[in-house]
Structure formats: C-alpha cells, structure tokens
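Dumped final-v1.txt below, it's compact mmCIF, C-alpha atoms:
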```
# COMPACT_ATOMS: atom_id res chain seq x y z
CA MET M 226 21.08 7.55 7.00
CA ARG M 227 20.54 8.00 10.74
CA HIS M 228 21.15 5.06 13.03
CA GLN M 229 18.75 3.71 15.60
CA VAL M 230 19.13 5.57 18.90
CA THR M 231 20.85 3.55 21.65
CA ILE M 232 21.40 4.04 25.37
CA LYS M 233 24.98 5.01 24.49
CA ASP M 234 23.64 8.02 22.57
CA ILE M 235 21.53 9.06 25.56
CA ALA M 236 24.47 8.63 27.94
CA LYS M 237 26.74 10.71 25.72
CA ARG M 238 24.21 13.54 25.43
CA LEU M 239 23.72 13.69 29.21
CA ASN M 240 27.39 13.02 30.05
CA ILE M 241 26.53 10.12 32.34
CA SER M 242 27.35 6.42 32.24
CA VAL M 243 25.56 3.84 30.10
CA ALA M 244 24.82 1.89 33.26
CA THR M 245 23.06 4.89 34.77
CA VAL M 246 20.92 5.32 31.66
CA SER M 247 20.07 1.62 31.67
CA ARG M 248 19.02 1.68 35.33
CA ALA M 249 16.97 4.87 34.81
CA LEU M 250 15.08 3.38 31.88
CA ARG M 251 14.38 0.26 33.93
CA ASP M 252 13.04 2.50 36.72
CA LEU M 253 15.42 1.09 39.34
CA PRO M 254 15.25 2.74 42.80
CA ASP M 255 18.96 3.61 43.09
CA ILE M 256 18.74 6.47 40.55
CA HIS M 257 18.07 10.07 41.63
CA PRO M 258 14.60 11.21 40.46
CA ASP M 259 16.06 14.23 38.62
CA THR M 260 18.51 12.03 36.73
CA LYS M 261 15.77 9.55 35.92
CA LYS M 262 13.56 12.36 34.56
CA MET M 263 16.38 13.70 32.36
CA VAL M 264 16.99 10.25 30.90
CA VAL M 265 13.32 9.48 30.26
CA ASP M 266 12.67 12.92 28.73
CA LEU M 267 15.63 12.62 26.35
CA ALA M 268 14.66 9.06 25.43
CA LEU M 269 11.23 10.32 24.41
CA GLU M 270 12.71 13.25 22.50
CA LEU M 271 15.07 10.97 20.54
CA ASP M 272 12.34 8.36 20.00
CA TYR M 273 14.47 5.69 21.68
CA GLN M 274 13.09 2.17 21.23
CA PRO M 275 14.47 -0.62 23.41
CA ASN M 276 15.84 -3.52 21.40
CA VAL M 277 14.18 -6.51 22.97
CA LEU M 278 16.60 -8.86 21.26
CA ALA M 279 19.75 -6.91 22.08
CA THR M 280 21.19 -9.50 24.46
CA SER M 281 21.35 -12.24 21.86
CA LEU M 282 21.93 -10.03 18.84
CA VAL M 283 24.90 -7.90 19.82
CA LYS M 284 27.02 -9.28 16.99
CA SER M 285 24.40 -10.85 14.74
CA LYS M 286 21.34 -10.02 12.66
CA THR M 287 17.75 -11.16 13.04
CA LYS M 288 17.56 -12.25 9.37
CA THR M 289 13.89 -11.28 9.57
CA LEU M 290 11.87 -8.86 7.44
CA GLY M 291 8.57 -7.24 8.39
CA VAL M 292 5.65 -7.02 5.97
CA ILE M 293 2.52 -4.89 6.46
CA VAL M 294 -0.44 -5.25 4.10
CA PRO M 295 -3.96 -3.80 4.24
CA ASP M 296 -5.83 -7.12 4.12
CA LEU M 297 -4.65 -10.68 3.50
CA GLY M 298 -8.16 -11.47 2.30
CA TYR M 299 -7.43 -9.56 -0.91
CA TYR M 300 -6.16 -11.84 -3.67
CA PHE M 301 -3.79 -9.08 -4.78
CA PHE M 302 -1.98 -8.85 -1.45
CA SER M 303 -1.99 -12.56 -0.60
CA THR M 304 -0.45 -13.39 -3.99
CA ILE M 305 2.26 -10.75 -3.66
CA LEU M 306 2.97 -11.97 -0.14
CA LYS M 307 3.69 -15.47 -1.47
CA SER M 308 6.28 -13.97 -3.80
CA ILE M 309 7.78 -11.86 -1.00
CA GLU M 310 8.13 -14.93 1.19
CA GLU M 311 9.73 -16.97 -1.57
CA ALA M 312 12.27 -14.22 -2.32
CA ALA M 313 13.02 -13.76 1.37
CA ILE M 314 13.59 -17.48 1.95
CA LEU M 315 15.96 -17.67 -1.03
CA ALA M 316 17.95 -14.83 0.55
CA GLY M 317 18.06 -16.60 3.91
CA TYR M 318 15.44 -14.41 5.63
CA SER M 319 12.15 -15.15 7.34
CA LEU M 320 9.07 -12.90 7.58
CA LEU M 321 6.93 -11.35 10.26
CA ILE M 322 3.60 -10.65 8.53
CA THR M 323 0.93 -8.24 9.78
CA GLN M 324 -2.23 -6.76 8.31
CA THR M 325 -3.90 -3.46 9.09
CA GLN M 326 -7.45 -4.40 8.05
CA GLU M 327 -7.37 -0.97 6.36
CA SER M 328 -6.98 0.69 9.78
CA TYR M 329 -4.51 3.53 10.43
CA GLU M 330 -4.45 2.71 14.15
CA ARG M 331 -3.53 -0.90 13.44
CA GLU M 332 -0.85 0.28 11.05
CA LEU M 333 0.69 2.34 13.87
CA ILE M 334 0.67 -0.68 16.18
CA ASN M 335 2.18 -2.94 13.53
CA ILE M 336 4.98 -0.47 12.80
CA GLN M 337 5.70 -0.10 16.51
CA ASN M 338 5.82 -3.83 17.12
CA LEU M 339 7.96 -4.64 14.10
CA SER M 340 10.45 -1.84 14.73
CA ARG M 341 11.37 -2.92 18.24
CA GLY M 342 14.37 -4.84 17.02
CA GLN M 343 12.78 -7.97 15.60
CA VAL M 344 13.12 -7.00 11.93
CA GLU M 345 15.93 -5.56 9.80
CA GLY M 346 13.58 -3.76 7.43
CA ILE M 347 9.91 -3.32 6.53
CA ILE M 348 7.88 -3.71 3.33
CA ILE M 349 4.54 -1.91 3.48
CA SER M 350 1.41 -1.08 1.51
CA LEU M 351 -0.50 1.70 3.27
CA SER M 352 -3.99 1.32 4.72
CA ARG M 353 -6.83 3.26 3.13
CA GLU M 354 -7.08 5.41 6.29
CA THR M 355 -3.43 6.45 6.37
CA VAL M 356 -2.90 10.18 5.86
CA ASN M 357 -0.54 11.13 8.69
CA LEU M 358 2.87 9.58 7.98
CA ASP M 359 4.75 10.54 11.14
CA HIS M 360 5.13 6.88 12.14
CA LEU M 361 7.04 6.17 8.92
CA THR M 362 9.18 9.28 9.27
CA ARG M 363 10.18 8.13 12.74
CA LEU M 364 10.99 4.71 11.32
CA GLN M 365 13.40 6.25 8.83
CA ARG M 366 14.97 8.45 11.50
CA ARG M 367 15.85 5.30 13.40
CA GLY M 368 17.59 3.97 10.30
CA ILE M 369 15.19 1.11 9.63
CA PRO M 370 15.02 0.38 5.87
CA LEU M 371 11.59 0.84 4.29
CA VAL M 372 10.08 -0.18 0.94
CA PHE M 373 6.59 0.65 -0.34
CA PHE M 374 4.62 -1.44 -2.79
CA ASP M 375 1.29 -0.69 -4.47
CA ARG M 376 0.06 2.04 -2.08
CA ASP M 377 2.64 4.68 -1.26
CA SER M 378 2.99 8.38 -0.46
CA ASP M 379 5.02 11.07 -2.19
CA GLU M 380 5.64 12.62 1.23
CA ILE M 381 8.03 9.82 2.17
CA HIS M 382 11.34 9.50 0.31
CA ALA M 383 11.76 5.74 0.09
CA SER M 384 12.28 2.92 -2.38
CA LYS M 385 9.07 1.57 -3.90
CA VAL M 386 7.69 -0.96 -6.35
CA MET M 387 4.67 0.19 -8.30
CA VAL M 388 2.84 -0.50 -11.52
CA ASP M 389 2.10 2.30 -13.97
CA ASN M 390 -1.42 2.91 -12.68
CA GLU M 391 -1.92 6.10 -14.66
CA GLN M 392 -1.04 4.44 -17.98
CA SER M 393 -3.01 1.31 -17.11
CA ALA M 394 -6.20 3.31 -16.57
CA TYR M 395 -5.52 5.35 -19.69
CA GLU M 396 -5.31 2.18 -21.80
CA ALA M 397 -8.42 0.69 -20.18
CA VAL M 398 -10.49 3.80 -20.99
CA LYS M 399 -9.16 3.89 -24.56
CA HIS M 400 -10.29 0.27 -24.89
CA LEU M 401 -13.79 1.15 -23.68
CA LEU M 402 -13.98 4.05 -26.13
CA LEU M 403 -12.91 1.83 -29.02
CA ALA M 404 -15.54 -0.69 -27.90
CA GLY M 405 -18.19 2.00 -28.50
CA CYS M 406 -18.64 3.62 -25.09
CA LYS M 407 -19.58 7.31 -25.13
CA ARG M 408 -20.06 8.02 -21.44
CA ILE M 409 -17.63 6.28 -19.09
CA ALA M 410 -17.82 6.36 -15.32
CA PHE M 411 -15.01 5.50 -12.91
CA LEU M 412 -15.79 3.68 -9.68
CA ALA M 413 -12.68 4.69 -7.73
CA GLY M 414 -11.39 3.80 -4.29
CA PRO M 415 -11.15 6.07 -1.21
CA LYS M 416 -9.99 9.62 -2.01
CA ASN M 417 -6.66 9.41 -0.18
CA VAL M 418 -5.45 6.11 -1.70
CA SER M 419 -2.58 6.79 -4.12
CA VAL M 420 -3.37 3.92 -6.50
CA SER M 421 -6.93 5.13 -7.01
CA ASN M 422 -5.84 8.72 -7.64
CA GLN M 423 -3.23 7.66 -10.17
CA ARG M 424 -5.89 5.72 -12.06
CA ILE M 425 -8.20 8.73 -12.01
CA SER M 426 -5.43 10.72 -13.72
CA GLY M 427 -5.17 8.12 -16.47
CA TYR M 428 -8.95 8.01 -16.86
CA LEU M 429 -9.13 11.78 -17.29
CA ARG M 430 -6.18 11.87 -19.72
CA ALA M 431 -7.77 9.27 -21.97
CA LEU M 432 -11.05 11.20 -22.09
CA ALA M 433 -9.27 14.49 -22.82
CA GLU M 434 -7.16 13.02 -25.64
CA SER M 435 -10.27 11.48 -27.19
CA GLY M 436 -12.19 14.75 -27.08
CA VAL M 437 -14.68 13.48 -24.51
CA LYS M 438 -15.77 16.17 -22.06
CA GLU M 439 -15.08 15.11 -18.50
CA ASP M 440 -17.93 14.95 -16.04
CA LEU M 441 -16.66 14.76 -12.46
CA LYS M 442 -20.05 13.40 -11.38
CA LEU M 443 -19.01 10.18 -13.10
CA ILE M 444 -16.09 9.68 -10.71
CA ILE M 445 -17.53 7.84 -7.72
CA HIS M 446 -15.44 7.02 -4.65
CA SER M 447 -16.25 3.70 -3.02
CA ASP M 448 -14.92 1.78 -0.06
CA TYR M 449 -13.17 -1.50 -0.90
CA ILE M 450 -16.29 -3.50 -0.13
CA GLN M 451 -18.49 -5.23 -2.69
CA ASP M 452 -21.74 -3.96 -1.14
CA SER M 453 -20.43 -0.39 -1.32
CA ALA M 454 -19.78 -0.82 -5.05
CA THR M 455 -23.29 -2.17 -5.54
CA LEU M 456 -24.87 0.85 -3.81
CA CYS M 457 -22.67 3.30 -5.74
CA THR M 458 -23.60 1.69 -9.04
CA GLN M 459 -27.30 1.78 -8.23
CA GLU M 460 -27.03 5.52 -7.59
CA LEU M 461 -24.96 6.03 -10.72
CA MET M 462 -27.52 4.32 -12.94
CA LYS M 463 -30.38 6.54 -11.69
CA ASP M 464 -29.07 9.34 -13.91
CA LYS M 465 -31.16 9.81 -17.05
CA ASN M 466 -27.91 10.19 -18.98
CA ARG M 467 -26.44 7.07 -17.44
CA PRO M 468 -23.00 5.72 -18.38
CA ASP M 469 -22.50 2.99 -20.96
CA GLY M 470 -19.07 2.07 -19.62
CA ILE M 471 -17.61 1.71 -16.12
CA LEU M 472 -13.96 1.52 -15.15
CA VAL M 473 -13.68 -0.10 -11.71
CA VAL M 474 -10.69 0.26 -9.39
CA SER M 475 -10.60 -3.45 -8.47
CA ASP M 476 -12.15 -6.79 -9.39
CA ARG M 477 -13.65 -7.07 -5.90
CA LEU M 478 -15.70 -3.94 -6.59
CA ALA M 479 -16.45 -5.02 -10.16
CA LEU M 480 -18.42 -7.96 -8.74
CA GLY M 481 -20.51 -5.44 -6.81
CA VAL M 482 -21.08 -3.52 -10.04
CA LEU M 483 -22.29 -6.70 -11.77
CA VAL M 484 -24.69 -7.42 -8.92
CA ALA M 485 -26.18 -3.93 -9.18
CA LEU M 486 -26.57 -4.04 -12.96
CA ARG M 487 -28.13 -7.49 -12.84
CA GLY M 488 -30.61 -6.28 -10.24
CA LEU M 489 -31.52 -3.35 -12.50
CA ASN M 490 -31.91 -5.66 -15.53
CA ILE M 491 -29.11 -3.81 -17.33
CA SER M 492 -27.20 -6.17 -19.62
CA VAL M 493 -23.40 -6.41 -19.75
CA PRO M 494 -21.82 -5.73 -22.20
CA GLU M 495 -24.74 -4.77 -24.44
CA GLU M 496 -25.85 -1.76 -22.38
CA VAL M 497 -22.88 -1.20 -20.07
CA LYS M 498 -19.30 -2.37 -20.49
CA ILE M 499 -16.94 -3.00 -17.58
CA VAL M 500 -13.17 -3.06 -17.11
CA SER M 501 -11.51 -3.49 -13.72
CA PHE M 502 -8.07 -4.08 -12.17
CA ASN M 503 -6.10 -7.01 -10.66
CA ASN M 504 -7.19 -9.87 -12.95
CA GLU M 505 -8.21 -12.16 -10.12
CA PRO M 506 -9.16 -15.76 -11.02
CA ILE M 507 -12.84 -14.94 -10.45
CA CYS M 508 -12.77 -12.69 -13.54
CA SER M 509 -12.72 -15.66 -15.91
CA ILE M 510 -15.28 -17.66 -13.93
CA VAL M 511 -18.22 -15.25 -13.54
CA SER M 512 -20.69 -14.61 -16.32
CA PRO M 513 -20.11 -12.41 -18.15
CA SER M 514 -16.36 -12.78 -17.64
CA ILE M 515 -14.70 -9.54 -16.57
CA SER M 516 -12.07 -7.64 -18.56
CA SER M 517 -9.32 -6.72 -16.12
CA VAL M 518 -5.83 -5.22 -15.94
CA SER M 519 -3.29 -7.89 -15.03
CA GLN M 520 -0.38 -6.83 -12.83
CA PRO M 521 2.98 -8.66 -12.45
CA LEU M 522 2.33 -9.73 -8.85
CA GLU M 523 5.28 -12.11 -8.54
CA GLU M 524 7.67 -9.46 -9.82
CA ILE M 525 6.26 -6.88 -7.39
CA GLY M 526 7.01 -9.20 -4.47
CA ARG M 527 10.46 -10.17 -5.70
CA LEU M 528 11.54 -6.60 -6.37
CA SER M 529 10.22 -5.41 -3.01
CA VAL M 530 12.53 -7.85 -1.25
CA GLU M 531 15.42 -6.98 -3.56
CA LEU M 532 15.11 -3.26 -2.82
CA LEU M 533 14.84 -3.86 0.93
CA LEU M 534 17.87 -6.17 1.05
CA ASP M 535 19.83 -3.63 -0.98
CA GLN M 536 19.24 -1.11 1.81
CA ILE M 537 20.01 -3.62 4.56
CA ASN M 538 23.27 -4.68 2.94
CA HIS M 539 24.35 -1.06 2.51
CA LYS M 540 23.04 0.22 5.83
CA GLY M 541 24.82 3.36 6.96
CA GLU M 542 25.60 4.38 3.39
CA ASP M 543 23.91 7.25 1.58
CA LEU M 544 21.89 4.98 -0.68
CA LYS M 545 19.50 6.60 -3.15
CA ALA M 546 15.88 5.47 -3.15
CA ARG M 547 15.00 3.21 -6.06
CA VAL M 548 11.61 3.38 -7.76
CA GLU M 549 10.56 0.44 -9.92
CA VAL M 550 7.51 1.05 -12.15
CA LEU M 551 6.19 -2.07 -13.84
CA LYS M 552 3.97 -2.48 -16.89
CA THR M 553 0.54 -4.11 -16.90
CA GLN M 554 -1.58 -5.95 -19.46
CA LEU M 555 -5.29 -5.58 -20.18
CA MET M 556 -7.01 -8.96 -20.37
CA VAL M 557 -10.08 -8.43 -22.56
CA ARG M 558 -13.09 -10.63 -21.81
CA GLU M 559 -16.87 -10.59 -22.31
CA SER M 560 -17.66 -7.59 -20.10
CA SER M 561 -16.15 -5.14 -22.58
CA SER M 562 -16.59 -6.89 -25.91
CA LYS M 563 -17.47 -4.68 -28.86
CA ARG M 564 -21.01 -4.19 -30.10
CA ASN M 565 -21.93 -6.18 -33.18
```
Can you dump the structure from the file as structure tokens?
Amino acid sequence: MRHQVTIKDIAKRLNISVATVSRALRDLPDIHPDTKKMVVDLALELDYQPNVLATSLVKSKTKTLGVIVPDLGYYFFSTILKSIEEAAILAGYSLLITQTQESYERELINIQNLSRGQVEGIIISLSRETVNLDHLTRLQRRGIPLVFFDRDSDEIHASKVMVDNEQSAYEAVKHLLLAGCKRIAFLAGPKNVSVSNQRISGYLRALAESGVKEDLKLIIHSDYIQDSATLCTQELMKDKNRPDGILVVSDRLALGVLVALRGLNISVPEEVKIVSFNNEPICSIVSPSISSVSQPLEEIGRLSVELLLDQINHKGEDLKARVEVLKTQLMVRESSSKRN
C-alpha cells in the first residue's frame, strides 16, 4: 500500500533540502522562482496534500474516522450512521460526518476535506451522480484506508459491506409471483447506482426462472424522490396491459407509488401488489402496510468500522480487501397479501 506523499519525498526526488521544499510550498520570497516551480509542479504530480495537523501529530494519531453518506435524511443512512458511531466510540475513535446530498461535486469536496490529515480512514456510500472515481483512486494512492457500504463500484478494489441485493430482489419477485402477480414492474433507482442494478439482476433472474417473459418497458428508473416515483407510476399505469405487481427500490419511493395508485383509484393489494426495500418504520404505519426487505443496518455499520480499523491497524502491510455480504429478510405485510 502506498504511503501518503510528504515533503521529504519531494525533497528526495529533487535532491534538495526539506527546508527548501517547505519554504517553496509556503511561497516564501527567499526561494529561486525556478526551484519554486519545480517543487510546486512535482507536488501536483504526486498529489501532495499538506497535513494540517502535522505539527501536533508527528508521533500520534487523530483517532478520527471520516464518514460520507448520500443523505442523512434517509432512514437507511441515518440508522447505519448510529451504528458506525457506536462502533467507533467503543474502539476509541470519533467521527467526522459529511453528506453529499447525492451530488458528485460535494462528494469530491468531502473527500478532499477529510483526506487532509484529519482522519485515519474513510467509510463511504457513493452519491447517485458518482461515475468518475478518480478522487477515490487518489485517496488509495495516498495510503488512506477506504471502506464502501451499500453503494460501491467494482472499479475500486477496496473492502466493502453489502447486502445480497441480487438475491433479495429475486426473493421479493418470487413472493409476488406466488401471491398471484402475472406482470411485475420494477421501479428502480438511477441507472448508475450499483444497488439498483444488482436488484434489477435479481428481478430478471426470478422472472426467467419462473418462465415469465421479461419486458424491459417494465423497468422504470426513478430519482430517489417521492414525487418522481408518483409520476413514474402514473405513466406506468397508462399501459393497457398494466402491471399487477410493482417491486420498488426503496420505501421512500414506495410511498410515491401508493400516492399514484390511490389517485388513480387502483386498490392495493387487490389490483396491484407492492414490495419495496429498507423496511423503514413507516411501512407498518401506512395503510395498506408495505411489504419490505429488511436489512441488518446495525451489522452494516459495525462491520464497516471493523473493516476500516483492520486496515488502519495494519497500515503499510499488503492487506487483502474484505467483502462482507449480508443476508436480508422479507417482511410481508398488507401490500402484497395473496388474493382470496
């Protein structure tokens, strides 16, 4: 694992003193312009990041972990964050918590801020906009430990904590089929979000194994906003051969589906059955109550910290990435009950 670039590395490459490098980077007037340019150019090339805490941390650690989530307003992420914090505190660490609000640009800023020496490692769930992963590659080049949870990317070799999204969706669709559904739609998330795509794979596998011909028109990509789900459902139900079952990528969107169906006077579960993901408390409160896939949120948080601390405690060693895939449980409620 590569270490974080220091001014000593720059000095060694240029065969000049550490003091000269330090003065050049601070733009002091007693350095020759050519020397200053060489230092600055090499610092950019090596992606040197000044450690703002270096003075007080020469022989100690920050005992701080960074966490980046898409939106703390999501029950899923806020609940996992509680578990992350509890595990970190038990290990003697504190947290710096940031959210991207599903923005790639904010994710870049958060990574930059957290990696400037304040944290020993980062736990992250990618924003829905994130496609370019250069910022995470640079993070790894600097030797900063990284752990993904929930939303990840196969392009980055890193430890991660996931649930078996493909199998979860497969089981949810099989449940809808057994409940009598013949034509099942999937209200998915944005096209580049890994979780959504894994669930699409499970949805398609369940249909194929059951001999149901897939219809890609029934896979609708929605933003993670309730109003978006409502509009998508309204469009979906305009089809003369409309679905009698809908798998929804999250409970938040399932509420939007219920709003749309209620507005169209389509009864649930008599005419359309619904299963979603996350098993938020709202699922058992609304009417009809929503069948949803429950995920082990506390375990996701605890394992994320465990994997990160494993890297921190073995920093500098050639540690293999660990991938933890956890099982889920379908909580069946009124929205997918069988026909009498």
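Distances to Met263 of chain M were evaluated for M:Glu330, M:Pro275, M:Val484, M:Ile235 using all atoms listed in the file, and the minimum falls at M:Ile235.
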Spatial neighbours of segment 239-244 of chain M, max dist 12 Å, only C-alpha atoms, sep filter under 5 positions, as a ChimeraX atom specification: /M:231-234,249-251,253,255-256,260-268
Nearest residue to Gly368 of chain M from the set M:Ser560, M:Ser340, M:Gln392, M:Thr245 (distances using all atoms listed in the file):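 Among the listed residues, M:Ser340 lies closest to Gly368 of chain M.
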Segment 436-443 of chain M surroundings by all atoms listed in the file, 12 Å radius, close-in-sequence under 2 positions cut, as a PyMOL selection string: chain M and resi 398-399+402+406-413+425-426+428-434+445-446+457-458+460-462+464+466-473
Using C-alpha atoms, can you export the residues from the last selection as a short mmCIF file (atom, residue, chain, number, x, y, z; two decimals), in the frame of the given file?
```
data_model
loop_
_atom_site.label_atom_id
_atom_site.label_comp_id
_atom_site.auth_asym_id
_atom_site.auth_seq_id
_atom_site.Cartn_x
_atom_site.Cartn_y
_atom_site.Cartn_z
CA VAL M 398 -10.49 3.80 -20.99
CA LYS M 399 -9.16 3.89 -24.56
CA LEU M 402 -13.98 4.05 -26.13
CA CYS M 406 -18.64 3.62 -25.09
CA LYS M 407 -19.58 7.31 -25.13
CA ARG M 408 -20.06 8.02 -21.44
CA ILE M 409 -17.63 6.28 -19.09
CA ALA M 410 -17.82 6.36 -15.32
CA PHE M 411 -15.01 5.50 -12.91
CA LEU M 412 -15.79 3.68 -9.68
CA ALA M 413 -12.68 4.69 -7.73
CA ILE M 425 -8.20 8.73 -12.01
CA SER M 426 -5.43 10.72 -13.72
CA TYR M 428 -8.95 8.01 -16.86
CA LEU M 429 -9.13 11.78 -17.29
CA ARG M 430 -6.18 11.87 -19.72
CA ALA M 431 -7.77 9.27 -21.97
CA LEU M 432 -11.05 11.20 -22.09
CA ALA M 433 -9.27 14.49 -22.82
CA GLU M 434 -7.16 13.02 -25.64
CA ILE M 445 -17.53 7.84 -7.72
CA HIS M 446 -15.44 7.02 -4.65
CA CYS M 457 -22.67 3.30 -5.74
CA THR M 458 -23.60 1.69 -9.04
CA GLU M 460 -27.03 5.52 -7.59
CA LEU M 461 -24.96 6.03 -10.72
CA MET M 462 -27.52 4.32 -12.94
CA ASP M 464 -29.07 9.34 -13.91
CA ASN M 466 -27.91 10.19 -18.98
CA ARG M 467 -26.44 7.07 -17.44
CA PRO M 468 -23.00 5.72 -18.38
CA ASP M 469 -22.50 2.99 -20.96
CA GLY M 470 -19.07 2.07 -19.62
CA ILE M 471 -17.61 1.71 -16.12
CA LEU M 472 -13.96 1.52 -15.15
CA VAL M 473 -13.68 -0.10 -11.71
#
```
Selection near Asp296 of chain M, 10 Å with only C-alpha atoms, sequence-local residues under 2 positions removed, as JSON, numbers by chain: {"M": [293, 294, 298, 299, 300, 301, 302, 303, 323, 324, 325, 326, 327, 328, 350, 352]}
Those residues with C-alpha atoms, as a PDB file, in the frame of the given file please?
```
ATOM      1  CA  ILE M 293       2.520  -4.890   6.460  1.00  0.00           C
ATOM      2  CA  VAL M 294      -0.440  -5.250   4.100  1.00  0.00           C
ATOM      3  CA  GLY M 298      -8.160 -11.470   2.300  1.00  0.00           C
ATOM      4  CA  TYR M 299      -7.430  -9.560  -0.910  1.00  0.00           C
ATOM      5  CA  TYR M 300      -6.160 -11.840  -3.670  1.00  0.00           C
ATOM      6  CA  PHE M 301      -3.790  -9.080  -4.780  1.00  0.00           C
ATOM      7  CA  PHE M 302      -1.980  -8.850  -1.450  1.00  0.00           C
ATOM      8  CA  SER M 303      -1.990 -12.560  -0.600  1.00  0.00           C
ATOM      9  CA  THR M 323       0.930  -8.240   9.780  1.00  0.00           C
ATOM     10  CA  GLN M 324      -2.230  -6.760   8.310  1.00  0.00           C
ATOM     11  CA  THR M 325      -3.900  -3.460   9.090  1.00  0.00           C
ATOM     12  CA  GLN M 326      -7.450  -4.400   8.050  1.00  0.00           C
ATOM     13  CA  GLU M 327      -7.370  -0.970   6.360  1.00  0.00           C
ATOM     14  CA  SER M 328      -6.980   0.690   9.780  1.00  0.00           C
ATOM     15  CA  SER M 350       1.410  -1.080   1.510  1.00  0.00           C
ATOM     16  CA  SER M 352      -3.990   1.320   4.720  1.00  0.00           C
TER      17      SER M 352
END
```
Exercise: Leu358 of chain M partners within 12 Å, all atoms listed in the file, chain neighbours under 5 positions left out, as number ranges by chain: M: 329-330, 332-333, 336, 351-352, 363-365, 377-382
Residue contacts of Asp452 of chain M (12 Å, all atoms listed in the file) excluding same-chain residues fewer than 4 positions away, as a PyMOL selection string: chain M and resi 447-448+456-459+477-485
Nearest residue to Val548 of chain M from the set M:Leu533, M:Leu290, M:Ile314, M:Cys508 (distances using only C-alpha atoms): M:Leu533
Gap from atom CA of Ser561 of chain M to atom CA of Asn422 of chain M - Å, one decimal: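 Those two atoms sit 22.8 Å apart.
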Residue nearest Glu524 of chain M among M:Leu551, M:Val420, M:Leu361, M:Ala454 (counting only C-alpha atoms):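 Of all the options, M:Leu551 lies closest to Glu524 of chain M.
Using all atoms listed in the file, the shortest contact distance between Val511 of chain M and any of M:Glu391, M:Asp359, M:Glu495, M:Asp476 is found at M:Asp476.
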Taking all atoms of segment 327-345 of chain M that the file lists and extending 5 Å past them on each side, where is the centre of the axis-aligned box and how long are its edges? Answer in Å to one decimal, as lines of an AutoDock Vina configuration file.
```
center_x = 4.3
center_y = -2.2
center_z = 12.3
size_x = 33.3
size_y = 21.5
size_z = 21.9
```
Atom pair atom CA of Gln520 of chain M / atom CA of Tyr318 of chain M: separation (Å):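 Computing it gives 25.5 Å between the two atoms.
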Interatomic distance, atom CA of Ile322 of chain M to atom CA of Tyr449 of chain M (Å, one decimal):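 Those two atoms sit 21.3 Å apart.
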